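structure17.txt follows (compact mmCIF, C-alpha atoms and all ligand atoms):
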```txt
# COMPACT_ATOMS: atom_id res chain seq x y z
CA MET A 237 117.12 109.88 76.84
CA THR A 238 119.97 110.24 79.30
CA THR A 239 119.15 110.76 82.95
CA GLN A 240 120.77 114.21 82.91
CA LYS A 241 118.61 115.26 79.96
CA LEU A 242 115.50 114.06 81.80
CA LEU A 243 116.46 116.01 84.91
CA ASP A 244 117.11 119.13 82.80
CA GLU A 245 113.81 118.85 80.95
CA SER A 246 111.99 118.21 84.22
CA GLU A 247 113.29 121.58 85.42
CA THR A 248 112.43 123.27 82.12
CA TYR A 249 108.92 122.05 81.49
CA LEU A 250 107.34 121.46 84.91
CA MET A 251 106.10 124.09 87.30
CA ASP A 252 108.46 124.36 90.21
CA THR A 253 106.15 123.01 92.91
CA TYR A 254 108.21 120.12 94.28
CA ARG A 255 111.67 119.82 95.77
CA ARG A 256 112.55 116.62 93.92
CA LEU A 257 115.45 114.32 94.67
CA PRO A 258 117.81 113.91 91.67
CA ILE A 259 116.70 110.47 90.49
CA VAL A 260 114.18 109.22 87.93
CA ILE A 261 112.32 106.14 89.16
CA ILE A 262 111.28 103.97 86.24
CA LYS A 263 110.26 100.64 87.73
CA GLY A 264 108.87 99.21 90.94
CA ARG A 265 108.20 95.74 92.27
CA GLY A 266 107.05 94.97 95.81
CA THR A 267 109.10 96.96 98.30
CA LYS A 268 111.76 97.89 95.70
CA VAL A 269 112.01 100.62 93.08
CA TYR A 270 114.66 101.10 90.38
CA ASP A 271 116.05 104.32 88.92
CA SER A 272 117.11 105.10 85.34
CA HIS A 273 120.61 103.75 86.07
CA GLY A 274 119.16 100.46 87.28
CA LYS A 275 120.01 101.20 90.93
CA GLU A 276 117.71 99.47 93.43
CA TYR A 277 116.12 101.21 96.41
CA THR A 278 114.07 99.83 99.28
CA ASP A 279 111.05 102.04 99.56
CA PHE A 280 110.19 103.45 103.00
CA VAL A 281 108.00 106.19 101.50
CA SER A 282 105.46 104.22 99.41
CA GLY A 283 104.61 107.23 97.29
CA ILE A 284 103.58 108.91 100.58
CA ALA A 285 101.50 106.12 102.10
CA VAL A 286 100.02 105.11 98.73
CA ASN A 287 101.71 101.85 97.79
CA ASN A 288 100.56 99.97 100.89
CA LEU A 289 100.76 96.65 99.00
CA GLY A 290 104.10 97.51 97.45
CA HIS A 291 104.67 98.40 93.82
CA CYS A 292 102.75 96.77 90.99
CA HIS A 293 100.95 94.25 93.20
CA PRO A 294 100.01 91.37 90.84
CA LYS A 295 96.32 91.45 91.82
CA VAL A 296 96.09 95.19 91.16
CA VAL A 297 97.97 94.85 87.86
CA VAL A 298 95.67 92.06 86.64
CA ALA A 299 92.54 93.95 87.71
CA LEU A 300 93.76 97.02 85.81
CA GLN A 301 94.60 95.01 82.68
CA LYS A 302 91.23 93.27 82.65
CA GLN A 303 89.30 96.47 83.28
CA ALA A 304 91.27 98.43 80.67
CA GLN A 305 90.22 95.90 78.06
CA ARG A 306 86.57 96.00 79.10
CA LEU A 307 85.72 99.64 79.91
CA ILE A 308 87.84 102.65 80.88
CA HIS A 309 85.36 105.48 81.33
CA VAL A 310 81.63 105.93 81.02
CA SER A 311 80.35 108.70 83.41
CA ASN A 312 78.15 108.65 86.46
CA LEU A 313 75.16 109.16 84.18
CA TYR A 314 75.14 105.34 84.31
CA HIS A 315 75.66 102.65 86.93
CA ILE A 316 79.26 101.44 87.06
CA GLU A 317 79.90 97.87 88.13
CA PRO A 318 83.37 98.18 89.78
CA GLN A 319 82.16 101.34 91.60
CA ILE A 320 79.22 99.46 93.11
CA ARG A 321 81.50 96.59 94.14
CA LEU A 322 83.95 98.98 95.79
CA ALA A 323 81.26 100.90 97.66
CA LYS A 324 79.82 97.63 99.01
CA LEU A 325 83.27 96.44 100.05
CA LEU A 326 83.99 99.68 101.94
CA VAL A 327 80.58 99.74 103.61
CA GLU A 328 80.88 96.10 104.69
CA HIS A 329 84.24 96.78 106.34
CA SER A 330 83.57 100.14 108.00
CA PHE A 331 81.11 102.19 110.07
CA ALA A 332 79.66 103.71 106.90
CA ASP A 333 76.39 103.16 104.99
CA ARG A 334 77.16 105.07 101.78
CA VAL A 335 80.10 106.27 99.71
CA PHE A 336 80.82 109.13 97.29
CA PHE A 337 83.85 108.67 95.02
CA SER A 338 86.25 111.34 93.78
CA ASN A 339 89.89 111.41 92.65
CA SER A 340 92.05 112.61 95.53
CA GLY A 341 92.27 113.28 99.24
CA ALA A 342 91.53 116.97 98.81
CA GLU A 343 88.39 116.17 96.83
CA ALA A 344 87.28 113.60 99.38
CA ASN A 345 87.60 116.24 102.12
CA GLU A 346 85.95 118.87 99.94
CA ALA A 347 82.94 116.54 99.60
CA ALA A 348 82.93 115.92 103.36
CA ILE A 349 82.92 119.67 104.06
CA LYS A 350 80.08 120.23 101.58
CA LEU A 351 78.10 117.31 102.99
CA ALA A 352 78.48 118.58 106.56
CA ARG A 353 77.34 122.07 105.58
CA LYS A 354 74.41 120.84 103.53
CA TYR A 355 73.23 118.47 106.24
CA SER A 356 73.38 121.25 108.80
CA LYS A 357 71.54 123.75 106.60
CA GLU A 358 68.76 121.24 106.04
CA ASN A 359 68.45 120.00 109.62
CA PHE A 360 69.05 123.04 111.81
CA SER A 361 67.81 126.59 111.78
CA GLY A 362 70.25 129.49 111.64
CA ASP A 363 73.67 129.78 110.09
CA ARG A 364 75.29 126.52 111.07
CA TYR A 365 78.28 126.17 108.79
CA GLU A 366 81.43 126.56 110.88
CA ILE A 367 83.92 123.71 110.95
CA ILE A 368 86.47 123.25 113.70
CA THR A 369 89.86 121.98 112.55
CA THR A 370 93.19 121.39 114.29
CA LEU A 371 96.50 123.20 114.11
CA GLY A 372 99.16 121.16 112.36
CA SER A 373 96.56 119.31 110.31
CA PHE A 374 96.74 118.59 106.60
CA HIS A 375 93.57 118.20 104.57
CA GLY A 376 94.57 119.13 101.00
CA ARG A 377 95.38 121.99 98.64
CA THR A 378 92.06 123.16 97.22
CA ILE A 379 90.93 126.46 98.71
CA ALA A 380 88.46 124.82 101.11
CA THR A 381 90.80 122.04 102.22
CA LEU A 382 93.74 124.46 102.38
CA THR A 383 91.63 126.58 104.72
CA ALA A 384 90.84 123.46 106.75
CA THR A 385 94.58 122.75 106.90
CA GLY A 386 95.79 124.34 110.14
CA GLN A 387 99.22 125.40 108.87
CA GLU A 388 99.93 128.97 107.80
CA LYS A 389 102.92 128.01 105.68
CA TYR A 390 100.63 126.29 103.17
CA GLN A 391 98.08 129.11 103.18
CA LYS A 392 100.42 132.07 102.69
CA GLY A 393 99.84 133.90 99.42
CA PHE A 394 96.50 132.27 98.69
CA GLU A 395 94.30 134.55 100.79
CA PRO A 396 91.46 135.27 101.09
CA LEU A 397 90.75 131.84 102.48
CA LEU A 398 87.27 130.37 102.83
CA PRO A 399 85.18 131.73 105.72
CA GLY A 400 83.81 129.35 108.32
CA PHE A 401 86.82 127.56 109.79
CA LYS A 402 88.12 127.70 113.35
CA TYR A 403 91.46 126.37 114.53
CA VAL A 404 92.21 124.61 117.81
CA PRO A 405 95.33 122.83 119.07
CA PHE A 406 95.49 119.10 118.25
CA ASN A 407 95.03 116.64 121.10
CA ASP A 408 93.12 119.16 123.20
CA PRO A 409 89.40 118.34 123.63
CA ASP A 410 88.83 121.32 125.93
CA ALA A 411 89.95 123.70 123.20
CA VAL A 412 87.29 122.15 120.96
CA ARG A 413 84.63 122.66 123.64
CA LYS A 414 85.60 126.31 123.96
CA ALA A 415 85.58 126.89 120.18
CA ILE A 416 82.02 125.65 119.67
CA THR A 417 79.41 128.33 118.90
CA GLN A 418 75.84 128.44 117.57
CA LYS A 419 77.40 128.34 114.13
CA THR A 420 79.48 125.18 114.51
CA CYS A 421 78.39 122.22 112.40
CA ALA A 422 81.34 119.83 112.30
CA LEU A 423 84.80 118.88 113.42
CA ILE A 424 87.45 117.58 111.02
CA VAL A 425 90.52 115.78 112.34
CA GLU A 426 93.14 113.22 111.38
CA PRO A 427 93.33 110.28 113.84
CA VAL A 428 97.10 110.70 113.59
CA GLN A 429 98.49 113.89 112.05
CA GLY A 430 100.72 112.64 109.25
CA GLU A 431 102.11 115.61 107.36
CA SER A 432 103.04 117.62 110.43
CA GLY A 433 105.37 114.94 111.73
CA VAL A 434 103.34 111.87 112.76
CA ARG A 435 101.53 113.25 115.82
CA VAL A 436 99.71 110.53 117.73
CA PRO A 437 97.04 111.84 120.11
CA ASP A 438 96.35 110.59 123.63
CA GLU A 439 94.34 107.40 123.80
CA ASN A 440 91.14 109.21 124.84
CA TYR A 441 91.31 112.12 122.43
CA LEU A 442 89.01 110.73 119.74
CA LYS A 443 86.63 109.34 122.38
CA ASP A 444 86.38 112.82 123.88
CA LEU A 445 85.76 114.35 120.47
CA ARG A 446 83.09 111.74 119.78
CA GLN A 447 81.41 112.59 123.06
CA ILE A 448 81.55 116.33 122.38
CA CYS A 449 80.04 115.84 118.92
CA ASP A 450 77.25 113.68 120.35
CA GLU A 451 76.46 116.22 123.08
CA LYS A 452 76.44 119.20 120.73
CA ASN A 453 74.96 117.51 117.66
CA LEU A 454 78.11 118.08 115.61
CA ILE A 455 79.38 115.94 112.76
CA LEU A 456 82.68 114.15 113.39
CA ILE A 457 84.69 113.96 110.16
CA LEU A 458 87.81 111.80 110.27
CA ASP A 459 90.40 112.41 107.57
CA GLU A 460 91.90 108.94 107.08
CA VAL A 461 93.48 109.80 103.74
CA GLN A 462 96.91 108.90 105.15
CA THR A 463 96.02 106.60 108.07
CA GLY A 464 93.50 104.44 106.21
CA MET A 465 93.88 101.16 104.33
CA GLY A 466 95.95 99.32 106.93
CA ARG A 467 98.68 101.93 107.40
CA THR A 468 98.28 101.88 111.20
CA GLY A 469 97.80 98.11 111.51
CA LYS A 470 94.00 98.21 111.32
CA LEU A 471 92.05 98.81 108.12
CA PHE A 472 91.09 102.25 109.51
CA ALA A 473 92.84 104.09 112.33
CA TYR A 474 89.59 104.90 114.16
CA GLU A 475 89.37 101.19 115.05
CA HIS A 476 92.26 101.71 117.49
CA PHE A 477 90.33 104.29 119.47
CA GLY A 478 87.00 102.60 120.16
CA ILE A 479 84.87 105.13 118.27
CA GLU A 480 83.17 105.57 114.92
CA PRO A 481 83.11 108.79 112.91
CA ASP A 482 80.05 110.16 111.10
CA ILE A 483 81.98 110.86 107.91
CA MET A 484 85.40 109.54 106.88
CA THR A 485 87.61 110.40 103.94
CA LEU A 486 90.00 108.07 102.13
CA ALA A 487 92.38 108.41 99.19
CA LYS A 488 96.13 107.70 99.07
CA ALA A 489 96.34 103.89 99.41
CA LEU A 490 92.74 103.17 98.42
CA GLY A 491 93.44 102.58 94.71
CA GLY A 492 96.63 100.52 94.99
CA GLY A 493 98.46 103.40 93.28
CA ILE A 494 95.63 104.67 91.07
CA ALA A 495 94.10 108.08 91.86
CA ILE A 496 90.86 107.75 93.80
CA GLY A 497 89.21 109.48 96.75
CA ALA A 498 86.23 108.39 98.80
CA THR A 499 83.90 110.11 101.26
CA LEU A 500 82.16 107.57 103.48
CA SER A 501 79.16 108.48 105.59
CA LYS A 502 76.43 107.26 107.85
CA ASP A 503 73.09 107.21 106.05
CA ARG A 504 71.70 110.05 108.19
CA PHE A 505 74.24 112.54 106.80
CA ALA A 506 74.56 111.00 103.34
CA LYS A 507 70.88 111.78 102.77
CA ALA A 508 71.73 115.49 102.56
CA PHE A 509 73.13 114.86 99.08
CA SER A 510 70.54 114.38 96.33
CA PRO A 511 70.94 114.22 92.53
CA GLY A 512 72.83 117.33 91.46
CA SER A 513 74.23 118.20 94.92
CA HIS A 514 77.75 117.10 94.17
CA ALA A 515 79.56 115.35 91.33
CA SER A 516 82.86 114.43 89.75
CA THR A 517 83.46 113.46 86.11
CA PHE A 518 86.08 110.86 86.90
CA GLY A 519 84.93 110.04 90.44
CA GLY A 520 84.45 106.30 90.80
CA ASN A 521 85.48 105.56 87.24
CA PRO A 522 85.82 101.88 86.25
CA ILE A 523 89.62 101.76 86.16
CA ALA A 524 90.19 103.36 89.55
CA CYS A 525 87.48 101.29 91.20
CA ALA A 526 88.70 98.02 89.71
CA ALA A 527 92.18 98.75 91.05
CA ALA A 528 90.76 99.78 94.43
CA CYS A 529 88.64 96.62 94.72
CA ALA A 530 91.69 94.47 94.04
CA SER A 531 93.74 96.50 96.49
CA VAL A 532 91.18 96.40 99.34
CA GLU A 533 90.66 92.66 98.82
CA ALA A 534 94.41 92.03 98.89
CA ILE A 535 94.79 94.07 102.10
CA LEU A 536 92.01 92.11 103.79
CA GLU A 537 92.90 88.68 102.40
CA ASP A 538 93.90 86.26 105.20
CA GLY A 539 94.85 89.12 107.52
CA PHE A 540 98.54 88.94 106.59
CA VAL A 541 98.93 92.55 105.46
CA LEU A 542 97.29 94.12 108.53
CA ASP A 543 99.13 91.74 110.83
CA ASN A 544 102.46 92.52 109.14
CA SER A 545 101.74 96.25 109.38
CA ARG A 546 101.33 95.90 113.15
CA ARG A 547 104.29 93.56 113.68
CA MET A 548 106.74 95.36 111.41
CA GLY A 549 105.58 98.68 112.82
CA GLU A 550 106.55 97.51 116.30
CA TYR A 551 109.80 96.07 114.98
CA LEU A 552 110.82 99.28 113.19
CA LYS A 553 109.82 101.44 116.16
CA LYS A 554 111.91 99.31 118.55
CA GLY A 555 114.88 99.55 116.19
CA LEU A 556 114.56 103.32 115.97
CA GLU A 557 114.27 103.53 119.75
CA ARG A 558 117.56 101.62 120.04
CA LEU A 559 119.17 104.24 117.79
CA LYS A 560 117.72 106.95 120.00
CA GLU A 561 119.70 105.57 122.94
CA ASP A 562 122.94 106.10 120.98
CA TYR A 563 122.32 109.49 119.42
CA SER A 564 121.31 112.46 121.52
CA PHE A 565 120.03 114.45 118.52
CA ILE A 566 117.15 111.98 118.19
CA SER A 567 114.52 113.58 120.38
CA ASN A 568 111.39 111.48 119.86
CA ILE A 569 110.03 108.35 118.15
CA ARG A 570 106.29 108.05 117.63
CA GLY A 571 103.71 106.36 115.45
CA ILE A 572 101.23 103.54 115.06
CA GLY A 573 101.65 100.60 112.71
CA LEU A 574 103.84 101.55 109.77
CA LEU A 575 103.39 105.30 110.09
CA ILE A 576 106.37 106.28 112.19
CA GLY A 577 108.14 109.55 112.84
CA MET A 578 111.62 110.13 114.25
CA GLU A 579 112.07 113.69 115.42
CA LEU A 580 115.55 115.14 115.38
CA THR A 581 116.94 118.25 116.97
CA THR A 582 118.60 118.93 113.64
CA GLU A 583 117.46 119.45 110.05
CA CYS A 584 117.05 116.14 108.20
CA SER A 585 117.23 116.62 104.43
CA ASN A 586 120.90 115.56 104.36
CA ILE A 587 119.90 112.28 105.99
CA VAL A 588 117.34 111.67 103.25
CA MET A 589 120.12 112.22 100.67
CA ALA A 590 122.52 109.90 102.50
CA CYS A 591 119.82 107.20 102.62
CA LEU A 592 119.19 107.67 98.91
CA GLU A 593 122.88 107.08 98.19
CA ARG A 594 122.71 103.89 100.24
CA GLY A 595 119.62 102.64 98.40
CA PHE A 596 116.76 103.65 100.72
CA LEU A 597 113.89 106.02 100.09
CA ILE A 598 112.84 107.81 103.27
CA ASN A 599 110.91 111.03 103.80
CA CYS A 600 111.52 114.14 105.85
CA THR A 601 108.57 116.25 106.98
CA GLU A 602 108.41 119.46 109.01
CA GLY A 603 112.14 119.89 108.31
CA ASN A 604 113.27 117.74 111.24
CA VAL A 605 111.07 114.64 111.34
CA LEU A 606 112.08 111.52 109.42
CA ARG A 607 108.86 109.81 108.37
CA PHE A 608 108.83 106.07 107.69
CA MET A 609 105.87 104.59 105.81
CA PRO A 610 107.08 101.51 103.92
CA PRO A 611 104.76 99.16 102.05
CA LEU A 612 102.87 97.05 104.60
CA ILE A 613 104.62 93.96 103.19
CA ILE A 614 108.06 95.14 104.37
CA THR A 615 110.25 92.45 106.00
CA GLU A 616 112.40 92.34 109.15
CA LYS A 617 115.47 91.96 106.98
CA GLU A 618 114.71 95.12 105.03
CA ILE A 619 114.07 97.02 108.25
CA ASP A 620 117.38 95.75 109.66
CA SER A 621 119.20 97.03 106.55
CA LEU A 622 117.62 100.45 106.92
CA LEU A 623 118.49 100.59 110.63
CA ASP A 624 122.12 99.69 109.82
CA ALA A 625 122.24 102.40 107.17
CA LEU A 626 120.78 104.98 109.57
CA ASP A 627 123.25 103.97 112.26
CA ASP A 628 126.10 104.39 109.80
CA ILE A 629 124.81 107.75 108.56
CA PHE A 630 124.19 109.10 112.05
CA HIS A 631 127.66 107.95 113.05
CA ARG A 632 129.40 109.58 110.09
CA ILE A 633 127.61 112.69 109.00
CA LEU A 634 126.16 114.23 112.08
CA PRO A 635 128.84 116.08 113.96
CA GLU A 636 127.09 116.86 117.22
CA ARG A 637 126.60 113.73 119.34
C1 LIG B 701 97.71 113.58 101.50
C2 LIG B 701 96.64 114.01 102.37
C3 LIG B 701 95.54 114.75 101.89
C4 LIG B 701 95.48 115.28 100.47
O1 LIG B 701 95.40 114.26 99.53
P1 LIG B 701 95.62 114.61 97.97
O2 LIG B 701 95.30 113.30 97.28
O3 LIG B 701 97.05 115.02 97.82
O4 LIG B 701 94.69 115.70 97.61
C5 LIG B 701 94.52 115.05 102.76
N1 LIG B 701 94.54 114.65 104.04
C6 LIG B 701 95.56 113.93 104.54
C7 LIG B 701 95.53 113.49 105.97
C8 LIG B 701 96.65 113.60 103.73
O5 LIG B 701 97.68 112.92 104.24
```
In structure tokens, write the structure found in this file.
Amino acid sequence: MTTQKLLDESETYLMDTYRRLPIVIIKGRGTKVYDSHGKEYTDFVSGIAVNNLGHCHPKVVVALQKQAQRLIHVSNLYHIEPQIRLAKLLVEHSFADRVFFSNSGAEANEAAIKLARKYSKENFSGDRYEIITTLGSFHGRTIATLTATGQEKYQKGFEPLLPGFKYVPFNDPDAVRKAITQKTCALIVEPVQGESGVRVPDENYLKDLRQICDEKNLILILDEVQTGMGRTGKLFAYEHFGIEPDIMTLAKALGGGIAIGATLSKDRFAKAFSPGSHASTFGGNPIACAAACASVEAILEDGFVLDNSRRMGEYLKKGLERLKEDYSFISNIRGIGLLIGMELTTECSNIVMACLERGFLINCTEGNVLRFMPPLIITEKEIDSLLDALDDIFHRILPER
């Protein structure tokens, strides 16, 4: 089929939920993807922080092939070997004691919300169900996680939302203190807000939240769907901030490109779930878990990936800061590891298009923030090429300087 026919049929047969760029990506290898014309792109999006090991990582591919030949699906009515291996791997490398598997970030957060409510019902008297969440957050698109998402633009048209959520500004521990009532049971927050433009909190923010939760007996839920799996230079972002959560959610990069979500918890809270409390048909299925095991092992193997995420993150950030000195419409550069945002005083979709033409995939969020989240195996040379392309684009297409 010709590319034009594909683009036409895409418009005809799919619901119009995405503003897609006009290419069809048919192949990926490492940091590169290829479109239907054979054009190569260096990927600074990684399927939105999913392909942390690059595309079609050989270890993930082999694990998938082997598992597909052995067993694809069987149900949680039985014990599943790759699921057990993955849970053990995650527990051994995190604060957590137990894991529940699902299929996406929204589902992982949904499980966290349910777990927090159930724990509170069982351990405290009175109606303790309220969850405090931050403005500008993103926690998913199901009704509960959409309600937890502190952005009206995503919620509009889907009301009534779920009762029991309270919104406070991000990076403001005092606002959290003031929002707590007899009914509060938990706090859900991203260590770095990804979707709303890579917002990095002050160094003490999570420590303060931890302290508030300890004082008030509240559950601290960290949504590491985007920041997890080495994206920030540590396996989990909370490791940067000297605290541990009570519950943490993962998805995006966990499965090396395969759909999987995970809700990790300390034993104390995990105990609130008993047989029948919560479930998912595909959650923790053999294929997804085999891919995730291979992916987690490859991220941890010899420390290269995490180290590269830190070093290349610094390198890219420095390069972007140099550009900021030359162009006054660049207002801010922020991020940790390879999750970096460049805020502009102008709209940025035309820059995404210009990058696409030059063979780079980059993302624009919030309308004016360029978000860079390449595979963690990105090289200096590839970063240099992107910086040159951005310099050229900024020089040519943006009139106001
Ligand atoms: C992407 C994202 C989600 C939602 O994940 P889905 O797999 O799309 O449901 C939730 N939280 C954060 C922080 C995310 O970045």
Box along x, y and z, 6 Å on every side, all listed atoms of ligand LIG 701 (chain B) inside: centre and edge lengths in Å to one decimal, as AutoDock Vina command-line options.
```
--center_x 96.1 --center_y 114.3 --center_z 101.6 --size_x 15.2 --size_y 14.8 --size_z 20.7
```
Contact table chain A vs ligand LIG 701 (chain B), cut-off 7 Å, shortest pair per residue, all atoms listed in the file, as JSON lines:
```
{"residue": "A:Ser340", "atom": "CA", "partner": "B:LIG701", "partner_atom": "O2", "distance": 3.8}
{"residue": "A:Gly341", "atom": "CA", "partner": "B:LIG701", "partner_atom": "O1", "distance": 3.3}
{"residue": "A:Ala342", "atom": "CA", "partner": "B:LIG701", "partner_atom": "O4", "distance": 3.6}
{"residue": "A:Glu343", "atom": "CA", "partner": "B:LIG701", "partner_atom": "O4", "distance": 6.4}
{"residue": "A:Phe374", "atom": "CA", "partner": "B:LIG701", "partner_atom": "N1", "distance": 5.2}
{"residue": "A:His375", "atom": "CA", "partner": "B:LIG701", "partner_atom": "N1", "distance": 3.7}
{"residue": "A:Gly376", "atom": "CA", "partner": "B:LIG701", "partner_atom": "C4", "distance": 4.0}
{"residue": "A:Arg377", "atom": "CA", "partner": "B:LIG701", "partner_atom": "O4", "distance": 6.4}
{"residue": "A:Glu426", "atom": "CA", "partner": "B:LIG701", "partner_atom": "C7", "distance": 5.9}
{"residue": "A:Gln429", "atom": "CA", "partner": "B:LIG701", "partner_atom": "C7", "distance": 6.8}
{"residue": "A:Gly430", "atom": "CA", "partner": "B:LIG701", "partner_atom": "O5", "distance": 5.9}
{"residue": "A:Glu431", "atom": "CA", "partner": "B:LIG701", "partner_atom": "O5", "distance": 6.0}
{"residue": "A:Asp459", "atom": "CA", "partner": "B:LIG701", "partner_atom": "C7", "distance": 5.5}
{"residue": "A:Glu460", "atom": "CA", "partner": "B:LIG701", "partner_atom": "C7", "distance": 5.9}
{"residue": "A:Val461", "atom": "CA", "partner": "B:LIG701", "partner_atom": "C6", "distance": 4.7}
{"residue": "A:Gln462", "atom": "CA", "partner": "B:LIG701", "partner_atom": "O5", "distance": 4.2}
{"residue": "A:Ala487", "atom": "CA", "partner": "B:LIG701", "partner_atom": "O2", "distance": 6.0}
{"residue": "A:Lys488", "atom": "CA", "partner": "B:LIG701", "partner_atom": "O2", "distance": 5.9}
```
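Between CA of Val605 in chain A and CA of Cys584 in chain A lies a distance of 6.9 Å.
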Expressed in Å, the length from CA of Gly493 in chain A to CA of Ala332 in chain A is 23.2 Å
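Closest to Gln301 in chain A among A:Met237, A:Ala526, A:Ala348, A:Ala489 is A:Ala526, based on all atoms listed in the file.
Taking CA of Lys553 in chain A and CA of Leu623 in chain A as the two end points, the separation is 10.3 Å.
With all atoms listed in the file as the atoms that count, the residue of A:Asn599, A:Thr517, A:Asn345, A:Thr369 with the shortest distance to Ala422 in chain A is A:Thr369.
For the choices A:Lys452, A:Lys350, A:His514, A:His631, the atom-to-atom distance to Tyr563 in chain A is smallest for A:His631 when using all atoms listed in the file.
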Just want the 7 Å neighbourhood of range 566-569 of chain A, counted on all atoms listed in the file, with same-chain residues fewer than 3 positions away dropped. Output as number ranges by chain. A: 557, 560, 563, 577-581
Selection above as a file: C-alpha atoms, as a short mmCIF file (atom, residue, chain, number, x, y, z; two decimals), in the coordinates of the input:
```cif
data_model
loop_
_atom_site.label_atom_id
_atom_site.label_comp_id
_atom_site.auth_asym_id
_atom_site.auth_seq_id
_atom_site.Cartn_x
_atom_site.Cartn_y
_atom_site.Cartn_z
CA GLU A 557 114.27 103.53 119.75
CA LYS A 560 117.72 106.95 120.00
CA TYR A 563 122.32 109.49 119.42
CA GLY A 577 108.14 109.55 112.84
CA MET A 578 111.62 110.13 114.25
CA GLU A 579 112.07 113.69 115.42
CA LEU A 580 115.55 115.14 115.38
CA THR A 581 116.94 118.25 116.97
#
```
Neighbouring residues of range 365-367 of chain A were defined as those with any atom within 12 Å, considering all atoms listed in the file; residues of the same chain fewer than 4 positions away were excluded. Please report them as a ChimeraX atom specification. /A:348-361,380-381,383-386,398-404,412,415-425,449,454-457
Skipping near chain neighbours, those fewer than 4 positions away, what residues fall within 10 Å of range 304-312 of chain A using all atoms listed in the file, listed as number ranges by chain? A: 298-300, 316, 319, 515-524, 526
With distances taken over only C-alpha atoms, which of A:Gly573, A:Pro396, A:Gly512, A:Pro611 is nearest to Leu471 in chain A? A:Gly573
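Among the candidates A:Thr582, A:Asn288, A:Gln447, A:Ser373, the residue lying nearest to Ile633 in chain A is A:Thr582 (atoms considered: all atoms listed in the file).
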I want to know what sits within 6 Å of Asn339 in chain A, based on all atoms listed in the file, with residues of the same chain fewer than 3 positions away left out; could you give that as JSON, numbers by chain? {"A": [495, 496, 497, 519]}
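Of the residues listed (A:Asp503, A:Glu537, A:Glu583, A:Asp620), A:Asp503 shows the shortest atom-to-atom separation from Phe336 in chain A; distances use only C-alpha atoms.
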Can you tell me which residues surround Leu575 in chain A at a distance of at most 7 Å, considering all atoms listed in the file, apart from same-chain residues fewer than 5 positions away, and format the answer as a VMD selection string? chain A and resid 467 to 468 608 to 609
Closest atom pairs, residues of range 291-409 of chain A within 9 Å of range 272-287 of chain A, all atoms listed in the file, as a tab-separated table:
```
residue	atom	partner	partner_atom	distance
A:His291	CA	A:Asn287	CA	6.0
A:Cys292	CA	A:Asn287	CA	8.6
A:His293	CA	A:Asn287	CA	8.9
```
How close does range 383-411 of chain A get to range 601-604 of chain A? List, as JSON lines, each residue of range 383-411 of chain A within 12 Å, its nearest atom pair and the distance in Å to one decimal, counting all atoms listed in the file.
```
{"residue": "A:Gln387", "atom": "CA", "partner": "A:Glu602", "partner_atom": "CA", "distance": 10.9}
{"residue": "A:Lys389", "atom": "CA", "partner": "A:Glu602", "partner_atom": "CA", "distance": 10.7}
{"residue": "A:Tyr390", "atom": "CA", "partner": "A:Glu602", "partner_atom": "CA", "distance": 11.9}
```
Could you add the missing atoms to range 471-480 of chain A, up to N, CA and C atoms, and return them as a tab-separated table (two decimals), in the frame of the given file?
```tsv
chain	number	residue	atom	x	y	z
A	471	LEU	N	92.45	98.30	109.43
A	471	LEU	CA	92.05	98.81	108.12
A	471	LEU	C	91.90	100.34	108.20
A	472	PHE	N	91.22	100.80	109.29
A	472	PHE	CA	91.09	102.25	109.51
A	472	PHE	C	91.60	102.59	110.91
A	473	ALA	N	92.22	103.74	111.05
A	473	ALA	CA	92.84	104.09	112.33
A	473	ALA	C	91.81	104.26	113.45
A	474	TYR	N	90.57	104.68	113.10
A	474	TYR	CA	89.59	104.90	114.16
A	474	TYR	C	89.33	103.63	114.97
A	475	GLU	N	89.59	102.46	114.35
A	475	GLU	CA	89.37	101.19	115.05
A	475	GLU	C	90.27	101.04	116.28
A	476	HIS	N	91.38	101.76	116.31
A	476	HIS	CA	92.26	101.71	117.49
A	476	HIS	C	91.64	102.42	118.69
A	477	PHE	N	90.73	103.36	118.42
A	477	PHE	CA	90.33	104.29	119.47
A	477	PHE	C	88.92	104.06	120.02
A	478	GLY	N	88.29	102.97	119.60
A	478	GLY	CA	87.00	102.60	120.16
A	478	GLY	C	85.87	103.56	119.84
A	479	ILE	N	85.95	104.22	118.69
A	479	ILE	CA	84.87	105.13	118.27
A	479	ILE	C	84.57	104.93	116.79
A	480	GLU	N	83.46	105.50	116.35
A	480	GLU	CA	83.17	105.57	114.92
A	480	GLU	C	82.92	107.02	114.53
```
